[in-house]
Amino acid sequence: MATSYADPMLWGAIVVIGILTYLIRLSFIGLFGYLDDIPSALERPLRYVPAAVLAALVVPALVTLGDGGVAVDRLVGGALAVTVAWRTESVFATMAAGMGGLWIVRFLVLPAL
Amino acid sequence: MNTCITLSKIRAGMDSVAFRRGVRDVSPLLLGIVPFGVVAGIAAVEAGMSVLQALGMSVVIFAGASQLAAIELVGQGTPLTVVVVTAVVINLRMLMYSASIAPYFQSLPSRVRGGLAYLLTDQAYALSIARYRDGDDADRVAYYLGVAVTLWVVWQITTVAGALAQAGIPESLGLEFTVPLVFLALLVPAMEDRPTTVAGLVGGTVAAVAGILPLNLGLLVGASVGIVAGVLVETRMEAEPSDGH
């Protein structure tokens, strides 16, 4: 997987994300006194950003199309990882379960079929 | 040598007990940060970035979830405008942290506040705000720095380690799959009540269906619809007669 961007463009994107992210962090910390509270019209939607964004990243990655239909190894690894994430909420255990499931299907089950 | 002097100057004006307390409190969380950082390094290089760019992201952006999302989109050749918008949307949650922690920093000089803001992360916010709310007024800045600087250092080291190790890892292992797994582990605690759970379920489903959209807009569309769904459920729950259970 190689990127198709020119190097300065990619650096530019990194810097722009960095500046905007810094301004988000600084917002209230920097302006306290002028801006004491988040307007509730903004606060409500913000509360749902983490769950909605993370799920939008996760679901399409677990249910992906491989060469011949749904990628079974990802689906199985993902299902295992969901169970473990639910029980442990641990990054490490979730990664171990997901990769373990993926490898078992990819290297042991699929070749044996 | 110069660094040593500067560091000792900073330390001299700071409560080192509070700083060490911060370091100690954040230590258990490093178990989650270390693999996260390593994945950020590996994924960046797999997506075609250089080791320097991988580290550059970790220094300049210093926000794991947005970095991983940006890397994923870059690897798929997404237009950079979409990459930037997606990453920034992911980081919008930090507006809440900034607003919530701001009153505790208000007496500090603006340059110090500017520095503390750069180090604001999910973990630094969560640990510090819990401590401040407990009414512990012992050096707040020192405690915050103990947590946040530790996270910063570990994040940079693990990113570089992952980026350097990438070349030695066979592609068939499919390590890019660790990226959604990290997100999954973060997603579960984020779905803490009914509205946030609905936001996640709707956001994920719509994003998967909208995956056919051009420019990788599926992620933004899914996230937006999920946020709207969460707000709607919350509004509806408020309208229902609450029986307190």
# chains A, B, ... in the order shown; residues from 1 in each chain; ligands from 1

call {"tool": "residues_around", "arguments": {"residues": "region 53-63 of chain A", "least_positions_apart": "4", "cutoff": "6 Å", "atoms": "only C-alpha atoms", "output": "list in words"}}
result
Val49, Arg74, Leu75 and Gly78 of chain A; Pro180, Phe183, Leu187, Gly200, Gly203, Gly204, Ala207, Ala208, Leu219, Gly222 and Ala223 of chain B

call {"tool": "interface_residues", "arguments": {"of": "chain A", "to": "chain B", "cutoff": "7 Å", "atoms": "only C-alpha atoms", "output": "ChimeraX atom specification"}}
result
/A:1-4,13-15,17-18,20-22,24-30,32,37-38,44-46,48-61,85-86,89-92,94-95,98

call {"tool": "write_last_selection", "arguments": {"atoms": "N, CA and C atoms", "output": "tab-separated table (two decimals), in the first residue's frame"}}
result
chain	number	residue	atom	x	y	z
A	1	MET	N	0.84	-1.19	0.00
A	1	MET	CA	0.00	0.00	0.00
A	1	MET	C	0.88	1.25	0.00
A	2	ALA	N	0.94	1.91	-1.11
A	2	ALA	CA	1.72	3.14	-1.13
A	2	ALA	C	0.78	4.32	-1.33
A	3	THR	N	1.12	5.42	-0.70
A	3	THR	CA	0.25	6.58	-0.87
A	3	THR	C	0.54	7.24	-2.20
A	4	SER	N	-0.44	7.97	-2.68
A	4	SER	CA	-0.29	8.61	-3.98
A	4	SER	C	-0.13	10.12	-3.83
A	13	ALA	N	-1.25	18.20	5.35
A	13	ALA	CA	-2.45	17.66	5.99
A	13	ALA	C	-2.19	17.39	7.47
A	14	ILE	N	-1.01	16.83	7.77
A	14	ILE	CA	-0.68	16.53	9.17
A	14	ILE	C	-0.66	17.83	9.99
A	15	VAL	N	-0.04	18.86	9.43
A	15	VAL	CA	0.06	20.13	10.16
A	15	VAL	C	-1.32	20.77	10.35
A	17	ILE	N	-4.26	19.26	10.47
A	17	ILE	CA	-4.98	18.50	11.50
A	17	ILE	C	-4.44	18.89	12.88
A	18	GLY	N	-3.10	19.00	12.97
A	18	GLY	CA	-2.48	19.34	14.25
A	18	GLY	C	-2.92	20.70	14.77
A	20	LEU	N	-5.67	22.47	13.93
A	20	LEU	CA	-7.09	22.49	14.27
A	20	LEU	C	-7.35	21.72	15.58
A	21	THR	N	-6.63	20.61	15.75
A	21	THR	CA	-6.79	19.84	16.98
A	21	THR	C	-6.32	20.65	18.19
A	22	TYR	N	-5.22	21.38	17.99
A	22	TYR	CA	-4.73	22.22	19.10
A	22	TYR	C	-5.75	23.31	19.46
A	24	ILE	N	-8.94	23.16	19.12
A	24	ILE	CA	-10.03	22.51	19.84
A	24	ILE	C	-9.66	22.34	21.32
A	25	ARG	N	-8.43	21.85	21.55
A	25	ARG	CA	-7.96	21.64	22.92
A	25	ARG	C	-7.89	22.95	23.70
A	26	LEU	N	-7.39	23.99	23.00
A	26	LEU	CA	-7.16	25.27	23.66
A	26	LEU	C	-8.46	26.01	23.94
A	27	SER	N	-9.47	25.79	23.08
A	27	SER	CA	-10.71	26.60	23.10
A	27	SER	C	-11.08	27.16	24.47
A	28	PHE	N	-11.61	26.33	25.33
A	28	PHE	CA	-12.13	26.83	26.60
A	28	PHE	C	-11.02	27.11	27.61
A	29	ILE	N	-9.96	26.30	27.56
A	29	ILE	CA	-8.84	26.53	28.46
A	29	ILE	C	-8.24	27.91	28.19
A	30	GLY	N	-8.15	28.29	26.91
A	30	GLY	CA	-7.56	29.56	26.55
A	30	GLY	C	-8.50	30.74	26.74
A	32	PHE	N	-11.24	30.97	28.83
A	32	PHE	CA	-12.08	30.98	30.01
A	32	PHE	C	-12.20	32.40	30.54
A	37	ASP	N	-19.08	28.49	29.31
A	37	ASP	CA	-19.78	27.21	29.20
A	37	ASP	C	-20.06	26.86	27.75
A	38	ILE	N	-20.06	25.58	27.46
A	38	ILE	CA	-20.45	25.16	26.12
A	38	ILE	C	-21.93	25.44	25.95
A	44	ARG	N	-24.91	18.88	23.41
A	44	ARG	CA	-25.67	17.66	23.14
A	44	ARG	C	-25.05	16.78	22.08
A	45	PRO	N	-24.89	17.33	20.86
A	45	PRO	CA	-24.29	16.49	19.82
A	45	PRO	C	-22.89	16.01	20.18
A	46	LEU	N	-22.12	16.84	20.89
A	46	LEU	CA	-20.74	16.45	21.21
A	46	LEU	C	-20.69	15.17	22.03
A	48	TYR	N	-22.26	12.61	21.67
A	48	TYR	CA	-22.40	11.40	20.87
A	48	TYR	C	-21.29	11.21	19.86
A	49	VAL	N	-20.35	12.16	19.83
A	49	VAL	CA	-19.25	12.04	18.85
A	49	VAL	C	-18.43	10.76	19.06
A	50	PRO	N	-17.97	10.47	20.27
A	50	PRO	CA	-17.11	9.28	20.40
A	50	PRO	C	-17.79	7.99	19.96
A	51	ALA	N	-18.99	7.71	20.46
A	51	ALA	CA	-19.65	6.45	20.12
A	51	ALA	C	-19.92	6.36	18.62
A	52	ALA	N	-20.46	7.44	18.04
A	52	ALA	CA	-20.84	7.40	16.63
A	52	ALA	C	-19.62	7.27	15.72
A	53	VAL	N	-18.58	8.03	16.01
A	53	VAL	CA	-17.39	8.01	15.15
A	53	VAL	C	-16.67	6.66	15.27
A	54	LEU	N	-16.49	6.20	16.51
A	54	LEU	CA	-15.75	4.94	16.68
A	54	LEU	C	-16.49	3.79	16.02
A	55	ALA	N	-17.82	3.75	16.18
A	55	ALA	CA	-18.59	2.67	15.55
A	55	ALA	C	-18.50	2.76	14.04
A	56	ALA	N	-18.51	4.00	13.51
A	56	ALA	CA	-18.42	4.17	12.06
A	56	ALA	C	-17.05	3.73	11.54
A	57	LEU	N	-16.05	3.73	12.41
A	57	LEU	CA	-14.73	3.22	12.03
A	57	LEU	C	-14.67	1.70	12.14
A	58	VAL	N	-15.36	1.15	13.15
A	58	VAL	CA	-15.22	-0.27	13.46
A	58	VAL	C	-16.04	-1.16	12.52
A	59	VAL	N	-17.34	-0.86	12.42
A	59	VAL	CA	-18.23	-1.79	11.71
A	59	VAL	C	-17.80	-2.06	10.26
A	60	PRO	N	-17.54	-1.01	9.46
A	60	PRO	CA	-17.13	-1.29	8.08
A	60	PRO	C	-15.82	-2.09	8.00
A	61	ALA	N	-14.96	-1.96	9.02
A	61	ALA	CA	-13.68	-2.67	8.98
A	61	ALA	C	-13.85	-4.15	9.33
A	85	ALA	N	-14.01	-7.44	24.02
A	85	ALA	CA	-14.06	-6.01	24.33
A	85	ALA	C	-15.21	-5.74	25.30
A	86	TRP	N	-16.35	-6.39	25.06
A	86	TRP	CA	-17.51	-6.19	25.89
A	86	TRP	C	-17.24	-6.60	27.33
A	89	GLU	N	-13.16	-4.59	28.26
A	89	GLU	CA	-12.86	-3.19	27.91
A	89	GLU	C	-11.36	-2.95	27.88
A	90	SER	N	-10.60	-4.00	27.59
A	90	SER	CA	-9.13	-3.87	27.55
A	90	SER	C	-8.64	-3.84	26.11
A	91	VAL	N	-7.81	-2.84	25.79
A	91	VAL	CA	-7.27	-2.72	24.44
A	91	VAL	C	-6.44	-3.95	24.10
A	92	PHE	N	-5.59	-4.35	25.04
A	92	PHE	CA	-4.68	-5.46	24.78
A	92	PHE	C	-5.43	-6.77	24.55
A	94	THR	N	-8.51	-7.20	23.68
A	94	THR	CA	-9.31	-7.12	22.45
A	94	THR	C	-8.45	-7.39	21.22
A	95	MET	N	-7.26	-6.79	21.20
A	95	MET	CA	-6.36	-7.02	20.07
A	95	MET	C	-5.93	-8.48	19.99
A	98	GLY	N	-8.89	-10.61	18.68
A	98	GLY	CA	-9.19	-10.34	17.28
A	98	GLY	C	-8.13	-10.91	16.35

call {"tool": "select_by_dssp", "arguments": {"residues": "region 53-84 of chain A", "states": "strand (DSSP E)", "output": "MDAnalysis selection string"}}
result
chainID A and resid 65:66 69:70

call {"tool": "select_by_dssp", "arguments": {"residues": "region 1-201 of chain B", "states": "alpha helix (DSSP H)", "output": "ChimeraX atom specification"}}
result
/B:2-12,16-26,30-46,51-60,64-75,80-91,94-105,110-118,122-133,140-165,178-190,194-201

call {"tool": "atom_distance", "arguments": {"atom1": "CA of Met9 (chain A)", "atom2": "CA of Ala43 (chain B)"}}
result
18.9 Å

call {"tool": "residues_around", "arguments": {"residues": "Asp137 (chain B)", "least_positions_apart": "4", "cutoff": "12 Å", "atoms": "only C-alpha atoms", "output": "list in words"}}
result
Asp15, Ala18, Tyr104, Phe105, Ser128, Ile129, Ala130, Arg131, Tyr132, Arg133, Val141, Ala142, Tyr143 and Tyr144 of chain B

call {"tool": "atom_distance", "arguments": {"atom1": "CA of Leu80 (chain A)", "atom2": "CA of Val39 (chain B)"}}
result
19.4 Å

call {"tool": "atom_distance", "arguments": {"atom1": "CA of Phe107 (chain A)", "atom2": "CA of Gln166 (chain B)"}}
result
20.5 Å

call {"tool": "closest_residue", "arguments": {"among": "B:Trp152, B:Val160, B:Arg194, B:Leu55", "to": "Arg236 (chain B)", "atoms": "only C-alpha atoms"}}
result
B:Arg194
